[in-house]
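Asks: To be precise about what I am sending: the file is called my_file39.cif and holds mmCIF, C-alpha atoms and all ligand atoms.
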data_final
loop_
_atom_site.label_atom_id
_atom_site.label_comp_id
_atom_site.auth_asym_id
_atom_site.auth_seq_id
_atom_site.Cartn_x
_atom_site.Cartn_y
_atom_site.Cartn_z
CA MET A 278 106.44 73.41 -112.11
CA PRO A 279 107.02 74.28 -108.45
CA LEU A 280 104.02 75.37 -106.40
CA GLU A 281 105.36 78.93 -106.27
CA ALA A 282 107.05 80.80 -109.06
CA PRO A 283 109.53 83.41 -107.78
CA GLY A 284 107.98 86.74 -106.95
CA THR A 285 104.76 85.43 -105.45
CA VAL A 286 103.09 85.47 -102.09
CA THR A 287 101.22 82.42 -100.85
CA LEU A 288 98.91 82.70 -97.87
CA VAL A 289 99.16 79.34 -96.20
CA GLY A 290 96.84 78.05 -93.50
CA ALA A 291 98.92 76.38 -90.80
CA GLY A 292 95.86 74.85 -89.14
CA PRO A 293 94.76 75.10 -85.51
CA GLY A 294 98.03 74.06 -83.91
CA ASP A 295 98.67 70.34 -84.24
CA PRO A 296 101.32 70.15 -87.00
CA GLU A 297 99.81 66.86 -88.20
CA LEU A 298 96.79 68.84 -89.35
CA LEU A 299 98.83 70.66 -92.01
CA THR A 300 97.83 69.86 -95.57
CA LEU A 301 100.35 68.34 -98.00
CA LYS A 302 99.99 71.47 -100.09
CA ALA A 303 100.92 73.60 -97.08
CA ILE A 304 104.02 71.50 -96.46
CA LYS A 305 105.10 71.90 -100.10
CA ALA A 306 104.55 75.64 -99.97
CA ILE A 307 106.52 75.98 -96.71
CA ALA A 308 109.36 73.91 -98.15
CA SER A 309 109.62 76.08 -101.27
CA ALA A 310 109.58 79.45 -99.46
CA THR A 311 112.61 81.72 -99.40
CA LEU A 312 110.89 84.01 -96.90
CA LEU A 313 108.36 82.90 -94.29
CA MET A 314 106.30 85.46 -92.43
CA VAL A 315 104.72 83.75 -89.47
CA ASP A 316 101.71 84.73 -87.34
CA ASP A 317 101.80 84.03 -83.62
CA LEU A 318 99.13 81.30 -83.49
CA VAL A 319 101.25 79.19 -85.85
CA ASN A 320 102.97 76.25 -84.19
CA ASP A 321 106.74 76.63 -84.63
CA ALA A 322 106.92 72.89 -85.32
CA VAL A 323 105.65 73.51 -88.86
CA LEU A 324 108.78 75.55 -89.55
CA GLY A 325 110.64 72.25 -89.50
CA TYR A 326 109.44 71.86 -93.12
CA ALA A 327 111.15 75.08 -94.19
CA SER A 328 114.36 75.10 -96.18
CA PRO A 329 117.42 75.76 -93.97
CA GLN A 330 118.19 78.70 -96.29
CA ALA A 331 114.77 80.30 -95.81
CA ARG A 332 114.47 83.48 -93.77
CA ILE A 333 111.83 83.32 -91.06
CA VAL A 334 110.18 86.47 -89.72
CA HIS A 335 107.71 86.29 -86.83
CA VAL A 336 105.08 88.96 -87.25
CA GLY A 337 102.60 87.88 -84.60
CA LYS A 338 100.07 90.28 -83.30
CA ARG A 339 97.77 89.22 -80.53
CA GLY A 340 94.98 91.54 -79.46
CA GLY A 341 96.31 93.99 -76.92
CA CYS A 342 99.98 92.99 -77.30
CA ILE A 343 102.85 94.81 -78.92
CA SER A 344 102.79 93.68 -82.50
CA THR A 345 104.21 94.19 -85.94
CA PRO A 346 101.99 96.79 -87.61
CA GLN A 347 99.84 95.35 -90.37
CA SER A 348 101.07 98.01 -92.80
CA PHE A 349 104.67 96.92 -92.19
CA ILE A 350 103.76 93.27 -92.83
CA GLU A 351 102.05 94.19 -96.09
CA ARG A 352 104.92 96.39 -97.25
CA LEU A 353 107.48 93.71 -96.43
CA MET A 354 105.54 91.10 -98.44
CA ILE A 355 105.34 93.38 -101.45
CA MET A 356 109.00 94.36 -101.29
CA ALA A 357 110.15 90.75 -100.98
CA ALA A 358 107.88 89.56 -103.80
CA ARG A 359 109.17 92.31 -106.08
CA GLN A 360 112.71 91.19 -105.32
CA GLY A 361 111.77 87.76 -106.65
CA GLU A 362 111.35 86.01 -103.32
CA THR A 363 108.95 83.13 -102.82
CA VAL A 364 107.05 84.50 -99.85
CA VAL A 365 104.90 82.30 -97.66
CA ARG A 366 102.62 84.07 -95.23
CA LEU A 367 101.82 81.47 -92.58
CA LYS A 368 98.56 82.10 -90.80
CA GLY A 369 96.80 80.13 -88.08
CA GLY A 370 93.85 77.99 -89.14
CA ASP A 371 92.60 78.93 -92.60
CA PRO A 372 93.93 82.15 -94.15
CA PHE A 373 90.45 83.28 -95.16
CA ILE A 374 88.68 82.83 -91.84
CA PHE A 375 89.32 86.05 -89.89
CA GLY A 376 93.00 86.85 -89.31
CA ARG A 377 92.94 89.56 -92.03
CA GLY A 378 93.76 87.23 -94.93
CA GLY A 379 91.17 88.98 -97.09
CA GLU A 380 92.69 92.40 -96.46
CA GLU A 381 96.18 91.14 -97.28
CA VAL A 382 95.07 89.61 -100.56
CA GLU A 383 93.35 92.84 -101.62
CA TYR A 384 96.44 94.85 -100.79
CA LEU A 385 98.82 92.48 -102.59
CA ARG A 386 96.64 92.24 -105.70
CA ALA A 387 96.35 96.02 -105.83
CA ALA A 388 100.15 96.11 -105.87
CA GLY A 389 100.19 93.68 -108.81
CA ILE A 390 101.59 90.75 -106.83
CA THR A 391 100.50 87.21 -107.68
CA VAL A 392 98.80 85.73 -104.63
CA ARG A 393 97.91 82.12 -103.95
CA ILE A 394 95.92 80.60 -101.12
CA VAL A 395 96.45 77.26 -99.42
CA ASN A 396 93.67 76.14 -97.09
CA GLY A 397 94.16 75.23 -93.48
CA ILE A 398 91.86 73.62 -90.95
CA THR A 399 90.11 76.43 -89.16
CA ALA A 400 89.94 76.49 -85.36
CA ALA A 401 86.16 75.94 -85.34
CA LEU A 402 86.60 72.54 -86.93
CA ALA A 403 89.37 71.54 -84.56
CA ALA A 404 87.17 72.63 -81.64
CA ALA A 405 84.29 70.52 -82.95
CA SER A 406 86.55 67.48 -83.22
CA SER A 407 87.81 68.10 -79.69
CA LEU A 408 84.23 68.16 -78.45
CA GLU A 409 83.47 65.08 -80.53
CA THR A 410 80.41 66.83 -81.84
CA PRO A 411 79.45 67.94 -85.33
CA LEU A 412 78.61 71.56 -86.04
CA THR A 413 75.68 70.56 -88.25
CA HIS A 414 73.15 67.80 -87.76
CA ARG A 415 70.02 66.97 -89.69
CA ASP A 416 67.88 67.07 -86.54
CA ARG A 417 69.56 69.79 -84.49
CA ALA A 418 71.50 72.27 -86.64
CA HIS A 419 70.77 73.22 -90.22
CA GLY A 420 73.90 75.28 -90.53
CA VAL A 421 76.72 76.98 -88.73
CA VAL A 422 77.81 80.59 -88.39
CA PHE A 423 81.45 81.57 -87.81
CA VAL A 424 81.42 84.95 -86.13
CA THR A 425 84.02 87.19 -84.54
CA GLY A 426 83.64 88.40 -80.96
CA HIS A 427 86.09 91.19 -81.61
CA ALA A 428 85.13 93.67 -84.31
CA LYS A 429 87.65 95.97 -85.99
CA PRO A 430 88.26 99.00 -83.74
CA GLY A 431 85.77 101.70 -84.65
CA ALA A 432 83.53 99.30 -86.59
CA ALA A 433 79.98 98.45 -85.55
CA ASN A 434 79.81 95.57 -83.08
CA THR A 435 78.13 92.30 -83.98
CA HIS A 436 74.39 92.49 -83.36
CA TRP A 437 74.31 89.54 -80.96
CA ALA A 438 70.57 89.72 -80.28
CA ALA A 439 69.76 89.59 -84.01
CA LEU A 440 72.22 86.77 -84.54
CA ALA A 441 70.72 84.80 -81.64
CA ALA A 442 67.18 85.27 -82.94
CA CYS A 443 68.28 84.08 -86.36
CA ALA A 444 70.14 81.08 -84.89
CA HIS A 445 67.05 80.19 -82.86
CA GLU A 446 64.63 80.49 -85.78
CA ALA A 447 66.82 78.79 -88.35
CA GLN A 448 68.45 76.21 -86.04
CA LEU A 449 72.02 77.35 -86.53
CA THR A 450 75.11 76.57 -84.49
CA LEU A 451 77.13 79.64 -83.50
CA VAL A 452 80.91 79.39 -83.41
CA ILE A 453 82.54 82.47 -81.97
CA TYR A 454 86.18 83.30 -82.60
CA MET A 455 88.06 85.88 -80.50
CA GLY A 456 85.23 85.90 -77.98
CA VAL A 457 87.15 85.81 -74.69
CA THR A 458 87.54 89.53 -74.02
CA HIS A 459 83.90 90.39 -74.67
CA ILE A 460 82.31 87.18 -73.40
CA THR A 461 79.93 88.94 -71.00
CA THR A 462 78.58 91.22 -73.74
CA ILE A 463 78.29 88.23 -76.07
CA GLU A 464 76.39 86.16 -73.51
CA GLN A 465 74.02 89.01 -72.66
CA GLY A 466 73.38 89.75 -76.31
CA LEU A 467 72.75 86.12 -77.24
CA LEU A 468 70.36 85.68 -74.31
CA GLN A 469 68.04 88.16 -76.01
CA GLY A 470 67.35 85.61 -78.73
CA LEU A 471 68.28 82.20 -77.35
CA PRO A 472 67.14 80.41 -74.16
CA ALA A 473 69.54 80.40 -71.21
CA HIS A 474 69.53 76.60 -71.26
CA THR A 475 71.01 76.45 -74.79
CA PRO A 476 74.06 74.18 -74.61
CA ALA A 477 77.43 75.89 -74.97
CA ALA A 478 81.08 74.87 -74.93
CA ILE A 479 84.48 76.52 -74.74
CA VAL A 480 87.61 74.98 -76.27
CA GLU A 481 90.98 76.52 -75.55
CA HIS A 482 94.08 75.57 -77.59
CA ALA A 483 92.12 73.10 -79.72
CA SER A 484 94.24 70.28 -81.18
CA LEU A 485 97.26 71.03 -78.99
CA PRO A 486 98.54 68.99 -76.03
CA GLN A 487 97.51 71.79 -73.65
CA GLN A 488 93.94 71.77 -75.00
CA ARG A 489 91.23 72.37 -72.39
CA GLN A 490 87.52 72.34 -72.88
CA THR A 491 84.37 72.70 -70.90
CA ARG A 492 80.65 72.46 -71.47
CA CYS A 493 78.07 74.72 -69.91
CA LEU A 494 74.87 76.56 -70.76
CA LEU A 495 74.57 79.87 -72.57
CA GLY A 496 73.27 81.39 -69.32
CA ASN A 497 76.54 80.70 -67.51
CA LEU A 498 79.03 80.95 -70.38
CA ALA A 499 80.97 83.95 -69.08
CA GLN A 500 80.94 82.67 -65.50
CA THR A 501 82.23 79.28 -66.65
CA LEU A 502 85.08 80.80 -68.63
CA GLN A 503 86.08 82.89 -65.63
CA MET A 504 85.75 80.08 -63.09
CA GLN A 505 87.79 77.69 -65.20
CA GLY A 506 90.42 80.29 -65.96
CA LEU A 507 90.12 79.71 -69.69
CA GLY A 508 91.67 82.28 -71.97
CA SER A 509 92.80 83.00 -75.48
CA PRO A 510 92.93 81.34 -77.95
CA SER A 511 89.48 79.86 -77.41
CA ILE A 512 86.49 78.97 -79.53
CA LEU A 513 82.98 79.32 -78.13
CA VAL A 514 80.27 77.03 -79.49
CA VAL A 515 76.58 77.68 -78.82
CA GLY A 516 73.73 75.55 -80.07
CA ASP A 517 71.48 72.56 -79.66
CA VAL A 518 73.86 70.44 -81.69
CA LEU A 519 75.87 70.06 -78.49
CA GLN A 520 72.99 68.05 -77.04
CA GLY A 521 74.19 65.16 -79.07
CA MET A 522 77.47 64.96 -77.25
CA ALA A 523 77.85 61.74 -75.36
CA GLN A 524 79.22 63.39 -72.25
CA TRP A 525 77.33 66.64 -72.42
CA HIS A 526 74.49 65.79 -70.07
CA GLU A 527 76.85 64.15 -67.65
CA ASN A 528 79.18 67.13 -67.52
CA ALA A 529 76.48 69.76 -67.51
CA SER A 530 74.72 68.13 -64.56
CA ALA A 531 78.00 67.74 -62.70
CA GLY A 532 78.55 71.49 -62.97
CA HIS A 533 81.20 73.11 -65.07
CA GLN A 534 83.53 70.20 -65.12
CA LEU A 535 86.73 70.87 -66.98
CA TYR A 536 88.97 68.21 -68.30
CA ALA A 537 91.93 67.94 -70.58
CA GLN A 538 91.46 65.90 -73.71
CA ARG A 539 94.90 64.36 -73.46
N1 LIG A 601 92.41 82.06 -89.27
C1 LIG A 601 92.21 81.46 -87.98
C2 LIG A 601 91.49 82.40 -87.02
C3 LIG A 601 92.27 83.65 -86.68
S1 LIG A 601 91.47 84.64 -85.49
C4 LIG A 601 91.46 80.14 -88.14
O1 LIG A 601 90.99 79.86 -89.23
O2 LIG A 601 91.37 79.40 -87.18
C5 LIG A 601 92.19 84.05 -83.99
C6 LIG A 601 91.17 83.31 -83.16
O3 LIG A 601 91.00 82.00 -83.65
C7 LIG A 601 91.53 83.13 -81.72
O4 LIG A 601 91.26 84.27 -80.94
C8 LIG A 601 90.64 81.99 -81.33
O5 LIG A 601 89.30 82.41 -81.15
C9 LIG A 601 90.69 81.14 -82.58
N2 LIG A 601 91.71 80.07 -82.49
C10 LIG A 601 92.79 79.93 -83.27
N3 LIG A 601 93.46 78.81 -82.95
C11 LIG A 601 92.77 78.23 -81.95
C12 LIG A 601 92.92 77.03 -81.20
N4 LIG A 601 93.93 76.19 -81.41
N5 LIG A 601 92.00 76.75 -80.26
C13 LIG A 601 90.96 77.56 -80.02
N6 LIG A 601 90.76 78.70 -80.70
C14 LIG A 601 91.65 79.03 -81.65
#
Written as structure tokens, how would this file's structure read?
Ligand code: SAH
Replies:
Amino acid sequence: MPLEAPGTVTLVGAGPGDPELLTLKAIKAIASATLLMVDDLVNDAVLGYASPQARIVHVGKRGGCISTPQSFIERLMIMAARQGETVVRLKGGDPFIFGRGGEEVEYLRAAGITVRIVNGITAALAAASSLETPLTHRDRAHGVVFVTGHAKPGAANTHWAALAACAHEAQLTLVIYMGVTHITTIEQGLLQGLPAHTPAAIVEHASLPQQRQTRCLLGNLAQTLQMQGLGSPSILVVGDVLQGMAQWHENASAGHQLYAQR
């Protein structure tokens, strides 16, 4: 039996960018799609696995840019599935880590559409590999929190001070997605519960050839991002687990040294 029966929608994680980080299951799903709806953080190289007959629709929507309205994307998926299409919704990273995968599944299920999920490697994990540091460690981090720096418009903002206090008490690594725009607020909030000398890192375009990364301290996180001209998409990592990085001390003492991984 093929991975998708006609009339289904599969949310497929395209990973952080490097097409070699796609799962085999993702490749099979892409190959069997008759309609692909592609988010803008998805590397176009993965579309090379699509059938030449498949229709490809780019529905990217970056914060602050002109975008395809979410309601249109959801309606299009439902319409296509009802017409018997094998729809693949390609999302950056993992479909269930931010990126509104959860909302789409609820909407599709409410419309009676069969939905499947194929995991992808989320950006936090690619950033950790880029930094050559784990996100958990028996001596330095008992867990990790994935948190958004950009709440839904109108929704309550993340309580950064409470999160920092919790991370401090429980020895947790913080990984912040979509944190670039509000980095100053994030830094100020976190400083209410974590020491300014807590190690931090920023990874832009993790896993891609243009990847850039830098290490710093929580107390100069925003300044470092600005000075290095780093932007979106970036992952921010905050926590003592970064102390274990071979080059961390070296780079931190040399200032905010920025270097490309490759
Ligand atoms: N579902 C995705 C996250 C979507 S939210 C995942 O699992 O990775 C979009 C945010 O993810 C970006 O603003 C950025 O913070 C992060 N991101 C996605 N790809 C990235 C990459 N290659 N490098 C750094 N951050 C990335």
Asks: For CA of Cys493 in chain A and CA of Thr475 in chain A, determine how far apart the two atoms are, in Å to one decimal place.
Replies: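 Result for CA of Cys493 in chain A versus CA of Thr475 in chain A: 8.8 Å, one decimal.
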Asks: Could you pull out the residues sitting within 9 Å of ligand LIG 601 (chain A), using all atoms listed in the file, and write them as an MDAnalysis selection string?
Replies: chainID A and resid 290:295 318:319 339:340 368:378 397:404 425:427 453:457 479:485 488 509:513
Asks: Quick one: residues within 10 Å of range 384-388 of chain A, only C-alpha atoms, excluding same-chain residues fewer than 5 positions away - as a count of residues only?
Replies: 11
Asks: Looking at A:Ala303, A:Val514, A:Leu507, A:Ile350, which one is nearest to Asn396 in chain A, with distances taken over all atoms listed in the file?
Replies: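 Distance minimum relative to Asn396 in chain A lands on A:Ala303.
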Asks: Have a look at CA of Gln490 in chain A and CA of Leu408 in chain A and let me know their distance in Å, one decimal.
Replies: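 A separation of 7.7 Å between them.
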